[in-house]
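Engineer: Pasting model39.cif here (mmCIF, C-alpha atoms):
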data_protein
loop_
_atom_site.label_atom_id
_atom_site.label_comp_id
_atom_site.auth_asym_id
_atom_site.auth_seq_id
_atom_site.Cartn_x
_atom_site.Cartn_y
_atom_site.Cartn_z
CA MET P 774 34.69 -97.05 -47.54
CA ALA P 775 36.88 -94.89 -49.76
CA GLU P 776 35.09 -92.83 -52.37
CA ARG P 777 35.25 -94.37 -55.79
CA LYS P 778 37.50 -92.42 -58.11
CA PRO P 779 36.09 -91.94 -61.58
CA LYS P 780 38.05 -93.60 -64.32
CA VAL P 781 38.95 -91.11 -67.00
CA ILE P 782 40.93 -91.87 -70.14
CA GLY P 783 42.67 -89.06 -72.00
CA PHE P 784 44.02 -89.45 -75.51
CA CYS P 785 46.70 -86.76 -75.79
CA CYS P 786 48.63 -85.89 -78.91
CA GLU P 787 52.37 -86.14 -78.42
CA LYS P 788 52.87 -82.52 -79.44
CA HIS P 789 50.85 -79.79 -77.71
CA GLY P 790 48.52 -82.18 -75.82
CA MET P 791 51.28 -84.08 -74.02
CA ASP P 792 53.34 -80.91 -73.56
CA ALA P 793 50.37 -79.37 -71.78
CA ALA P 794 49.95 -82.50 -69.61
CA VAL P 795 53.65 -82.59 -68.69
CA LEU P 796 53.68 -78.88 -67.97
CA SER P 797 50.72 -79.23 -65.63
CA ALA P 798 52.47 -82.10 -63.80
CA ARG P 799 55.63 -80.02 -63.44
CA SER P 800 53.53 -77.20 -62.06
CA GLY P 801 52.39 -79.60 -59.32
CA LYS P 802 48.69 -79.65 -60.21
CA GLN P 803 46.75 -82.33 -58.33
CA LEU P 804 44.23 -84.45 -60.20
CA ASP P 805 41.16 -85.88 -58.51
CA ALA P 806 40.74 -89.05 -60.54
CA SER P 807 42.44 -92.14 -61.77
CA VAL P 808 43.39 -90.62 -65.09
CA ARG P 809 45.12 -92.71 -67.67
CA ILE P 810 46.84 -90.95 -70.52
CA VAL P 811 47.15 -92.59 -73.89
CA GLN P 812 49.79 -90.80 -75.89
CA VAL P 813 49.04 -90.73 -79.61
CA PRO P 814 51.15 -89.26 -82.40
CA CYS P 815 48.32 -86.91 -83.34
CA THR P 816 44.64 -86.63 -82.45
CA GLY P 817 44.01 -87.35 -86.12
CA ARG P 818 45.28 -90.85 -85.32
CA VAL P 819 42.55 -91.40 -82.71
CA ASP P 820 39.89 -93.53 -84.28
CA GLY P 821 36.30 -94.07 -83.22
CA ILE P 822 37.10 -97.64 -82.24
CA HIS P 823 39.75 -96.44 -79.74
CA LEU P 824 37.19 -94.19 -78.03
CA LEU P 825 34.48 -96.86 -77.96
CA LYS P 826 36.95 -99.49 -76.69
CA ALA P 827 37.83 -97.21 -73.79
CA PHE P 828 34.16 -97.13 -72.75
CA GLU P 829 33.80 -100.86 -73.38
CA ASP P 830 36.78 -101.52 -71.11
CA GLY P 831 35.39 -99.53 -68.20
CA ALA P 832 36.07 -95.83 -68.69
CA ASP P 833 33.49 -93.50 -67.16
CA ALA P 834 34.57 -90.59 -69.30
CA VAL P 835 36.98 -90.14 -72.18
CA PHE P 836 38.58 -87.04 -73.59
CA VAL P 837 40.85 -86.19 -76.46
CA LEU P 838 43.38 -83.40 -76.03
CA GLY P 839 45.07 -82.03 -79.11
CA CYS P 840 46.76 -78.95 -80.49
CA LEU P 841 44.82 -75.77 -81.13
CA GLU P 842 43.04 -76.21 -84.43
CA LYS P 843 44.80 -73.30 -86.10
CA ASN P 844 48.15 -74.35 -84.72
CA CYS P 845 48.10 -78.12 -85.13
CA TYR P 846 51.55 -79.64 -85.56
CA TYR P 847 50.20 -81.80 -88.38
CA ASP P 848 47.99 -79.03 -89.73
CA THR P 849 44.59 -80.76 -89.69
CA GLY P 850 45.02 -83.52 -87.08
CA SER P 851 42.96 -81.72 -84.41
CA ILE P 852 40.16 -81.15 -86.91
CA GLU P 853 40.12 -84.87 -87.77
CA GLY P 854 40.09 -85.72 -84.06
CA ARG P 855 37.15 -83.38 -83.43
CA LYS P 856 35.18 -84.92 -86.30
CA ARG P 857 35.71 -88.44 -84.95
CA VAL P 858 34.76 -87.40 -81.45
CA GLY P 859 31.57 -85.93 -82.94
CA TYR P 860 30.80 -89.17 -84.78
CA VAL P 861 31.29 -91.31 -81.67
CA LYS P 862 29.19 -88.90 -79.61
CA GLN P 863 26.38 -89.53 -82.08
CA MET P 864 26.86 -93.30 -81.79
CA LEU P 865 26.80 -93.06 -77.99
CA THR P 866 23.55 -91.12 -78.14
CA GLU P 867 22.04 -93.78 -80.39
CA VAL P 868 22.79 -96.49 -77.85
CA GLY P 869 21.51 -94.42 -74.94
CA ILE P 870 24.85 -93.36 -73.43
CA GLU P 871 25.28 -89.73 -72.39
CA LYS P 872 27.35 -88.01 -75.07
CA GLU P 873 28.85 -85.70 -72.44
CA ARG P 874 31.05 -88.61 -71.37
CA LEU P 875 33.22 -87.87 -74.40
CA GLU P 876 34.81 -84.50 -75.12
CA MET P 877 37.48 -82.95 -77.28
CA PHE P 878 39.81 -80.27 -75.93
CA ASN P 879 42.49 -78.21 -77.60
CA SER P 880 45.47 -76.60 -75.99
CA ALA P 881 48.71 -74.79 -76.63
CA SER P 882 51.76 -76.54 -75.22
CA SER P 883 52.41 -73.55 -72.94
CA ASN P 884 49.02 -73.82 -71.22
CA ALA P 885 49.55 -75.50 -67.84
CA TRP P 886 45.83 -75.33 -67.03
CA ALA P 887 44.43 -77.08 -70.11
CA PHE P 888 45.11 -80.64 -68.97
CA PRO P 889 43.91 -80.29 -65.34
CA ASP P 890 40.88 -78.33 -66.59
CA ALA P 891 40.00 -81.09 -69.04
CA VAL P 892 40.42 -83.75 -66.36
CA SER P 893 38.40 -81.82 -63.81
CA LYS P 894 35.57 -81.25 -66.30
CA MET P 895 35.49 -84.95 -67.20
CA VAL P 896 35.70 -86.00 -63.54
CA ASP P 897 32.71 -83.78 -62.73
CA ILE P 898 30.77 -85.36 -65.58
CA ALA P 899 31.80 -88.88 -64.55
CA LYS P 900 30.82 -88.21 -60.92
CA LYS P 901 27.49 -86.74 -62.01
CA LEU P 902 26.64 -89.57 -64.38
CA GLY P 903 28.28 -92.43 -62.48
CA PRO P 904 29.80 -95.49 -64.12
CA ILE P 905 28.18 -96.85 -67.29
CA GLY P 906 25.73 -99.49 -66.17
CA GLY P 907 25.86 -98.31 -62.59
CA GLY P 908 28.15 -101.19 -61.52
CA GLU P 909 31.54 -101.07 -59.92
CA ARG P 910 34.50 -100.18 -62.07
CA GLN P 911 36.40 -103.17 -63.44
CA MET M 38 29.29 -98.93 -106.47
CA ILE M 39 26.50 -99.78 -104.09
CA VAL M 40 26.23 -97.14 -101.40
CA ALA M 41 24.64 -98.03 -98.08
CA LYS M 42 24.17 -96.45 -94.67
CA ARG M 43 24.23 -98.04 -91.24
CA LYS M 44 20.83 -98.44 -89.63
CA PRO M 45 20.37 -96.46 -86.40
CA LEU M 46 22.04 -98.36 -83.56
CA ASN M 47 18.88 -98.49 -81.46
CA GLU M 48 17.05 -100.14 -84.38
CA ILE M 49 19.84 -102.72 -84.71
CA ALA M 50 19.88 -103.33 -80.96
CA GLU M 51 16.12 -103.84 -80.99
CA MET M 52 16.38 -106.41 -83.81
CA LEU M 53 19.07 -108.34 -81.98
CA ALA M 54 17.56 -108.05 -78.49
CA PRO M 55 16.02 -111.55 -78.25
CA TYR M 56 19.23 -113.36 -79.25
CA LYS M 57 22.18 -114.32 -77.06
CA LYS M 58 24.92 -114.96 -79.60
CA VAL M 59 25.33 -112.56 -82.50
CA THR M 60 27.76 -112.77 -85.41
CA VAL M 61 28.34 -109.52 -87.26
CA ILE M 62 29.72 -109.92 -90.78
CA GLY M 63 31.02 -107.01 -92.85
CA CYS M 64 32.13 -106.82 -96.44
CA ARG M 65 35.36 -105.46 -97.92
CA SER M 66 33.77 -104.34 -101.18
CA CYS M 67 31.42 -101.40 -101.89
CA VAL M 68 30.20 -100.89 -98.32
CA ALA M 69 33.78 -100.71 -97.04
CA ILE M 70 34.55 -97.98 -99.57
CA CYS M 71 31.44 -96.01 -98.58
CA LEU M 72 32.41 -96.41 -94.90
CA ALA M 73 29.28 -98.30 -93.90
CA GLY M 74 30.21 -101.95 -93.43
CA GLY M 75 33.97 -102.50 -93.63
CA GLU M 76 36.29 -103.83 -90.95
CA LYS M 77 36.36 -100.61 -88.95
CA GLU M 78 32.59 -100.16 -89.04
CA VAL M 79 32.04 -103.75 -87.88
CA LYS M 80 34.42 -103.23 -84.95
CA MET M 81 32.77 -99.95 -83.99
CA LEU M 82 29.29 -101.42 -84.18
CA VAL M 83 30.25 -104.40 -82.01
CA SER M 84 31.92 -102.10 -79.50
CA ALA M 85 28.95 -99.71 -79.37
CA LEU M 86 26.52 -102.58 -78.83
CA LYS M 87 28.72 -103.97 -76.04
CA VAL M 88 28.72 -100.55 -74.33
CA LYS M 89 24.93 -100.41 -74.64
CA ASN M 90 24.57 -103.87 -73.09
CA LYS M 91 26.96 -102.89 -70.34
CA LYS M 92 24.77 -99.92 -69.50
CA GLU M 93 21.64 -102.06 -69.50
CA GLY M 94 23.28 -104.98 -67.68
CA LYS M 95 22.37 -107.30 -70.53
CA LYS M 96 24.40 -110.34 -71.52
CA GLN M 97 24.89 -110.87 -75.24
CA GLU M 98 27.87 -112.23 -77.12
CA PHE M 99 29.09 -110.41 -80.19
CA GLU M 100 31.70 -111.49 -82.68
CA GLY M 101 32.66 -109.52 -85.76
CA PHE M 102 34.16 -110.73 -89.05
CA VAL M 103 34.69 -109.30 -92.49
CA VAL M 104 34.63 -111.19 -95.78
CA GLU M 105 35.99 -110.15 -99.13
CA ARG M 106 32.63 -110.04 -100.95
CA GLN M 107 29.50 -110.98 -99.08
CA CYS M 108 27.45 -111.35 -102.27
CA GLU M 109 29.50 -114.41 -103.31
CA LYS M 110 28.91 -117.77 -101.69
CA GLU M 111 32.58 -118.80 -101.81
CA TRP M 112 33.51 -116.04 -99.38
CA ILE M 113 30.61 -116.77 -97.03
CA LYS M 114 31.77 -120.40 -96.83
CA GLU M 115 34.91 -119.15 -95.07
CA VAL M 116 32.86 -117.99 -92.09
CA GLU M 117 30.21 -120.72 -92.25
CA ASP M 118 30.97 -122.08 -88.76
CA LYS M 119 30.74 -118.56 -87.30
CA VAL M 120 27.39 -117.99 -88.98
CA LEU M 121 25.91 -121.30 -87.93
CA GLY M 122 27.44 -121.11 -84.46
CA SER M 123 25.41 -118.02 -83.61
CA ASP M 124 21.72 -117.38 -82.93
CA VAL M 125 21.55 -114.62 -85.49
CA THR M 126 23.81 -113.04 -88.10
CA LEU M 127 23.85 -109.31 -88.61
CA SER M 128 24.99 -108.50 -92.13
CA MET M 129 26.93 -105.27 -92.46
CA ALA M 130 26.88 -105.55 -96.24
CA CYS M 131 24.34 -104.34 -98.75
CA SER M 132 21.10 -106.26 -99.02
CA LEU M 133 22.78 -108.56 -101.55
CA GLY M 134 25.20 -109.81 -98.92
CA ALA M 135 22.46 -110.28 -96.33
CA GLN M 136 20.33 -112.18 -98.84
CA THR M 137 23.25 -114.36 -99.96
CA ILE M 138 23.78 -115.51 -96.38
CA GLY M 139 20.02 -115.94 -95.99
CA ASP M 140 19.80 -118.04 -99.16
CA MET M 141 22.74 -120.23 -98.12
CA TYR M 142 21.42 -120.87 -94.63
CA PRO M 143 17.65 -120.45 -94.87
CA ILE M 144 16.89 -121.77 -91.38
CA HIS M 145 19.45 -119.47 -89.81
CA LEU M 146 18.37 -115.88 -89.11
CA THR M 147 20.16 -113.13 -91.01
CA PHE M 148 19.27 -109.49 -90.34
CA PRO M 149 20.39 -106.37 -92.20
CA GLY M 150 22.62 -103.89 -90.39
CA LEU M 151 22.64 -101.44 -93.29
CA ASN M 152 20.06 -99.66 -95.38
CA THR M 153 21.10 -100.20 -98.99
CA GLY M 154 20.73 -96.97 -100.87
CA ILE M 155 22.02 -96.10 -104.29
CA PHE M 156 24.31 -96.90 -107.21
CA GLY M 157 26.57 -93.97 -106.56
CA VAL M 158 29.98 -92.45 -107.05
CA PRO M 159 32.13 -90.62 -104.52
CA GLU M 160 31.87 -86.91 -105.34
CA GLU M 161 34.30 -85.91 -102.61
CA GLN M 162 35.53 -87.54 -99.40
CA GLY M 163 32.43 -88.59 -97.48
CA VAL M 164 29.93 -87.65 -100.20
CA TRP M 165 28.31 -90.11 -102.61
CA SER M 166 25.73 -89.29 -105.20
CA GLU M 167 23.39 -91.40 -107.28
CA LYS M 168 24.21 -91.70 -110.96
CA CYS M 169 22.44 -94.84 -112.11
CA VAL M 170 19.25 -96.68 -111.26
CA GLY M 171 20.05 -99.85 -113.21
CA CYS M 172 17.24 -99.39 -115.74
CA GLY M 173 18.78 -102.01 -118.00
CA ASN M 174 18.93 -99.87 -121.14
CA CYS M 175 21.67 -97.24 -121.02
CA ILE M 176 21.28 -94.14 -123.21
CA ILE M 177 23.99 -91.85 -121.87
CA HIS M 178 25.77 -91.82 -125.25
CA THR M 179 22.95 -89.54 -126.43
CA THR M 180 22.88 -87.33 -123.34
CA GLY M 181 26.50 -86.29 -123.06
CA GLY M 182 27.34 -89.07 -120.62
CA ILE M 183 24.84 -87.86 -118.01
CA CYS M 184 22.00 -90.16 -116.99
CA PRO M 185 18.64 -88.37 -117.09
CA ILE M 186 16.89 -91.36 -115.52
CA SER M 187 18.76 -91.19 -112.22
CA ARG M 188 19.68 -87.52 -112.13
CA CYS M 189 16.31 -86.06 -113.10
CA ALA M 190 13.61 -86.42 -110.45
CA LYS M 191 11.05 -87.10 -113.19
CA SER M 192 13.41 -89.15 -115.41
CA MET M 193 12.62 -86.84 -118.32
CA LEU M 194 13.94 -88.04 -121.65
CA ASN M 195 13.37 -85.02 -123.89
CA GLY M 196 14.66 -81.97 -122.11
CA PRO M 197 13.78 -80.35 -118.80
CA CYS M 198 10.30 -80.10 -117.36
CA GLY M 199 8.58 -76.80 -116.67
CA GLY M 200 9.82 -76.86 -113.09
CA SER M 201 13.45 -76.35 -114.01
CA ALA M 202 14.50 -72.80 -113.07
CA ASN M 203 17.92 -71.19 -112.79
CA ARG M 204 19.48 -74.59 -113.51
CA LYS M 205 17.87 -76.06 -110.38
CA CYS M 206 15.25 -78.74 -109.91
CA GLU M 207 11.83 -77.80 -108.55
CA VAL M 208 11.82 -80.90 -106.36
CA ASN M 209 14.75 -79.60 -104.35
CA LEU M 210 16.55 -76.36 -105.07
CA GLU M 211 19.83 -77.93 -103.97
CA ILE M 212 19.68 -80.43 -106.83
CA ASP M 213 21.03 -79.35 -110.20
CA CYS M 214 18.71 -79.83 -113.14
CA ALA M 215 19.99 -82.88 -115.03
CA TRP M 216 18.96 -81.40 -118.35
CA ALA M 217 20.88 -78.17 -117.72
CA ALA M 218 23.95 -80.36 -117.13
CA ILE M 219 23.20 -82.39 -120.26
CA TYR M 220 22.89 -79.18 -122.32
CA ASP M 221 26.24 -77.91 -121.04
CA ARG M 222 27.96 -81.20 -121.69
CA LEU M 223 26.61 -81.53 -125.22
CA LYS M 224 27.60 -77.93 -125.90
CA ILE M 225 31.25 -78.46 -124.98
CA GLN M 226 31.22 -81.66 -127.00
CA ASN M 227 29.85 -79.76 -130.03
CA ARG M 228 26.93 -82.16 -130.19
CA LEU M 229 24.07 -79.84 -129.30
CA ASP M 230 22.15 -81.16 -132.31
CA LEU M 231 21.46 -84.30 -130.27
CA ILE M 232 19.20 -82.32 -127.96
CA GLU M 233 16.82 -81.79 -130.89
CA ASN M 234 16.31 -85.55 -131.27
CA VAL M 235 13.07 -86.88 -129.90
CA THR M 236 13.54 -89.94 -127.71
CA PRO M 237 10.53 -92.26 -127.79
CA ALA M 238 8.88 -93.45 -124.60
CA LYS M 239 11.26 -95.70 -122.70
CA ASP M 240 10.76 -99.43 -122.63
CA TRP M 241 10.79 -100.04 -118.89
CA SER M 242 10.52 -103.81 -119.20
CA THR M 243 14.31 -104.00 -118.78
CA SER M 244 14.08 -102.20 -115.45
CA HIS M 245 12.85 -103.46 -112.12
CA SER M 246 9.27 -102.79 -113.27
CA GLY M 247 9.56 -105.99 -115.30
CA GLY M 248 9.98 -108.04 -112.14
CA ARG M 249 13.09 -109.74 -110.80
CA ARG M 250 15.89 -109.66 -113.35
CA THR M 251 18.46 -112.39 -113.93
CA TYR M 252 21.42 -111.90 -116.21
CA VAL M 253 22.92 -115.00 -117.81
CA ARG M 254 26.10 -115.45 -119.78
CA GLU M 255 25.80 -118.88 -121.30
CA ASP M 256 29.50 -119.37 -122.11
CA ALA M 257 30.43 -118.79 -118.47
CA ARG M 258 27.92 -121.27 -117.05
CA LEU M 259 29.08 -124.65 -115.84
CA THR M 260 27.75 -127.83 -117.42
CA PRO M 261 26.23 -130.40 -115.04
CA HIS M 262 29.47 -132.38 -115.38
CA GLN M 263 31.60 -129.36 -114.47
CA LYS M 264 29.34 -128.57 -111.52
CA LYS M 265 29.78 -132.09 -110.21
CA GLY M 266 33.57 -131.77 -110.48
CA LYS M 267 33.56 -128.42 -108.66
CA GLU M 268 31.41 -129.79 -105.85
CA ALA M 269 33.78 -132.75 -105.49
CA VAL M 270 36.77 -130.41 -105.11
CA GLN M 271 34.95 -128.34 -102.47
#
Write the structure described by the file as structure tokens, please.

Structural biologist:
Amino acid sequence: MAERKPKVIGFCCEKHGMDAAVLSARSGKQLDASVRIVQVPCTGRVDGIHLLKAFEDGADAVFVLGCLEKNCYYDTGSIEGRKRVGYVKQMLTEVGIEKERLEMFNSASSNAWAFPDAVSKMVDIAKKLGPIGGGERQ
Amino acid sequence: MIVAKRKPLNEIAEMLAPYKKVTVIGCRSCVAICLAGGEKEVKMLVSALKVKNKKEGKKQEFEGFVVERQCEKEWIKEVEDKVLGSDVTLSMACSLGAQTIGDMYPIHLTFPGLNTGIFGVPEEQGVWSEKCVGCGNCIIHTTGGICPISRCAKSMLNGPCGGSANRKCEVNLEIDCAWAAIYDRLKIQNRLDLIENVTPAKDWSTSHSGGRRTYVREDARLTPHQKKGKEAVQ
């Protein structure tokens, strides 16, 4: 039986986050997961409900990839994103879900390693923790 | 406005554990402004509880709604079928909203999802501070517009206590002394003479200490005939 691939959802800002993802794809980096990218205008647009919905709908791990905080295209979008990730991490802890399943990453658009690094870190966490509830992925 | 805070999710989950079908109802008034029980908070709560149940392999149905003002029966009526169609209702409004639903449907279970806190004002984004305790007898015209009842830990009426030092309160050094603020305010208003006035002991019978309070405005009340007409329309 084929090994189950962890389901990882990445919310990437359309500026530096997506640029980093595209650059890594062009560099031919291989990803060991079924990663789904959700492109958002800015990580400041990512709301807590989006992150929770991802888990509700079967994600094993979720990450948010935005611009570097001091170089955010929309100035404070990455900071907003980080704060929301922090809030949802706290909610996950309260309901007994490992907060490590959710992370925020920042990257410059010229960094080809940021996206694969984020994915690989989240895949490791998802593999270590397994799917939420222990059941098969939907 | 009334400022409230969501109860810890594990406490909410524990309250709801024995019930299969749960209706969560938020409120678009005060608790939406203080980011505790508005539309977004209801959605996030429902989602978080679903994730928890998924982890525990538990089957529970959640539905979330938001009404304009949960403390008014007219708005609750709009979601009556949702309330009665569930095993339990979780109110994401202040205690007034939860109690309004409870009073309307006394057999039905209504639990609070929020801890109702203070009459507060937003000081900055994400920060609310208490400025009134609803004592029923406002005196801020004599104290430069600053309430010594809510802002002084001891509700002093005639200047600061002996514990006030460097403009801070002895109860908590992060709290400003209310009477230092009152002094400053009266000074810039050129009304420092007011601080010399002796305020007699407060009549607390208008506050909660006098038991449950009901405010009535006779001219706004409906006559029995008007009530009958209104019921007929509804």

Engineer: Dump as CSV the rows for residues of chain P within 12 Å of chain M: closest atom pair and distance in Å with one decimal, all atoms listed in the file counted, ordered by chain and rising residue number.

Structural biologist:
residue,atom,partner,partner_atom,distance
P:Asp820,CA,M:Lys77,CA,9.2
P:Gly821,CA,M:Met81,CA,6.9
P:Ile822,CA,M:Met81,CA,5.2
P:His823,CA,M:Met81,CA,8.9
P:Leu824,CA,M:Met81,CA,9.4
P:Leu825,CA,M:Ser84,CA,6.0
P:Lys826,CA,M:Ser84,CA,6.3
P:Ala827,CA,M:Ser84,CA,9.6
P:Phe828,CA,M:Val88,CA,6.6
P:Glu829,CA,M:Val88,CA,5.2
P:Asp830,CA,M:Val88,CA,8.7
P:Gly831,CA,M:Val88,CA,9.1
P:Ala832,CA,M:Val88,CA,10.4
P:Asp833,CA,M:Lys92,CA,11.1
P:Arg857,CA,M:Met81,CA,11.9
P:Tyr860,CA,M:Met81,CA,11.0
P:Val861,CA,M:Ala85,CA,9.0
P:Lys862,CA,M:Ala85,CA,10.8
P:Gln863,CA,M:Leu46,CA,9.9
P:Met864,CA,M:Ala85,CA,7.2
P:Leu865,CA,M:Ala85,CA,7.1
P:Thr866,CA,M:Leu46,CA,9.2
P:Glu867,CA,M:Leu46,CA,5.6
P:Val868,CA,M:Lys89,CA,5.5
P:Gly869,CA,M:Lys89,CA,6.9
P:Ile870,CA,M:Lys89,CA,7.2
P:Glu871,CA,M:Lys92,CA,10.6
P:Leu902,CA,M:Lys92,CA,11.7
P:Gly903,CA,M:Lys92,CA,10.8
P:Pro904,CA,M:Lys92,CA,8.6
P:Ile905,CA,M:Lys92,CA,5.1
P:Gly906,CA,M:Lys92,CA,3.5
P:Gly907,CA,M:Lys92,CA,7.2
P:Gly908,CA,M:Gly94,CA,8.7
P:Glu909,CA,M:Lys91,CA,11.5
P:Arg910,CA,M:Lys91,CA,11.5
P:Gln911,CA,M:Lys91,CA,11.7

Engineer: When you look at segment 842-854 of chain P with a cut-off of 12 Å (counting all atoms listed in the file), what residues show up, excluding the ones that are within fewer than 2 positions of it in the same chain? I need them as an MDAnalysis selection string.

Structural biologist: chainID P and resid 784:790 813:821 823:824 836:840 856:861 876:882

Engineer: Using all atoms of segment 829-836 of chain P that appear in the file, construct an axis-aligned enclosing box with 6 Å of padding on every side and provide its centre coordinates and edge lengths in Å, rounded to one decimal, as JSON.

Structural biologist:
{"center_x": 36.0, "center_y": -94.3, "center_z": -70.4, "size_x": 17.1, "size_y": 26.5, "size_z": 18.4}

Engineer: Which is closest to Leu841 of chain P among P:Arg809, P:Lys778, P:Lys894, P:Arg855, if we use only C-alpha atoms?

Structural biologist: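 Ranking P:Arg809, P:Lys778, P:Lys894, P:Arg855 by distance to Leu841 of chain P, first place goes to P:Arg855.
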
Engineer: Please provide as an MDAnalysis selection string all residues within 10 Å of Asn152 of chain M, with the sequence filter that same-chain residues fewer than 2 positions apart are discarded (counting only C-alpha atoms).

Structural biologist: chainID M and resid 40:45 73 129:132 149:150 154:155

Engineer: I need the residue set behind the PyMOL selection byres ((chain M and resi 115) around 12) for this file; please write it as a tab-separated table (two decimals) with C-alpha atoms, keeping the file's coordinate frame.

Structural biologist:
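For reference, expr00.tsv as written:
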chain	number	residue	atom	x	y	z
M	62	ILE	CA	29.72	-109.92	-90.78
M	102	PHE	CA	34.16	-110.73	-89.05
M	103	VAL	CA	34.69	-109.30	-92.49
M	104	VAL	CA	34.63	-111.19	-95.78
M	105	GLU	CA	35.99	-110.15	-99.13
M	106	ARG	CA	32.63	-110.04	-100.95
M	107	GLN	CA	29.50	-110.98	-99.08
M	109	GLU	CA	29.50	-114.41	-103.31
M	110	LYS	CA	28.91	-117.77	-101.69
M	111	GLU	CA	32.58	-118.80	-101.81
M	112	TRP	CA	33.51	-116.04	-99.38
M	113	ILE	CA	30.61	-116.77	-97.03
M	114	LYS	CA	31.77	-120.40	-96.83
M	116	VAL	CA	32.86	-117.99	-92.09
M	117	GLU	CA	30.21	-120.72	-92.25
M	118	ASP	CA	30.97	-122.08	-88.76
M	119	LYS	CA	30.74	-118.56	-87.30
M	120	VAL	CA	27.39	-117.99	-88.98
M	121	LEU	CA	25.91	-121.30	-87.93
M	138	ILE	CA	23.78	-115.51	-96.38
M	271	GLN	CA	34.95	-128.34	-102.47

Engineer: Would you list the contacts of segment 202-213 of chain M as number ranges by chain, taking every protein, DNA or RNA residue within 9 Å and counting all atoms listed in the file, but skipping same-chain residues closer than 6 positions in sequence?

Structural biologist: M: 188-190

Engineer: One decimal, in Å: what's the spacing between atom CA of Leu223 of chain M and atom CA of Pro237 of chain M?

Structural biologist: 19.5 Å

Engineer: Apply the PyMOL selection byres ((chain M and resi 197) around 8) to the file shown and report the selected residues as a list of chain:residue names.

Structural biologist: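 Matching residues under the PyMOL selection byres ((chain M and resi 197) around 8) are M:Met193, M:Asn195, M:Gly196, M:Cys198, M:Gly199, M:Gly200, M:Ser201, M:Cys214, M:Ala215, M:Trp216, M:Ala217.
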
Engineer: P:Val808, P:Val795, P:Glu776, P:Ile898: which is nearest Arg874 of chain P, counting all atoms listed in the file?

Structural biologist: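 Ranking P:Val808, P:Val795, P:Glu776, P:Ile898 by distance to Arg874 of chain P, first place goes to P:Ile898.
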
Engineer: In terms of the shortest atom-to-atom distance over all atoms listed in the file, which of M:Thr147, M:Thr60, M:Thr179, M:Ser192 is closest to Gly134 of chain M?

Structural biologist: M:Thr147

Engineer: Expand the PyMOL selection byres ((chain M and resi 241) around 12) into the individual residues it matches in the shown file, reporting them as a PyMOL selection string.

Structural biologist: chain M and resi 170-175+186+192+237-240+242-248

Engineer: Please indicate the distance in Å from atom CA of Lys58 of chain M to atom CA of Ala834 of chain P, rounded to one decimal place.

Structural biologist: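 Between atom CA of Lys58 of chain M and atom CA of Ala834 of chain P the gap works out to 28.2 Å.
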
Engineer: One decimal, Å: what's the distance from atom CA of Ala887 of chain P over to atom CA of Ala793 of chain P, could you say?

Structural biologist: 6.6 Å

Engineer: Have a look at P:Ile810, P:Leu796, P:Leu804, P:Val835 and name the one nearest to Ala899 of chain P; count all atoms listed in the file.

Structural biologist: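 Counting all atoms listed in the file, the residue closest to Ala899 of chain P is P:Val835.
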
Engineer: Near Ile177 of chain M, counting all atoms listed in the file, which residues have an atom at most 10 Å away, once you skip same-chain residues fewer than 5 positions from it, shown as number ranges by chain?

Structural biologist: M: 182-186, 219
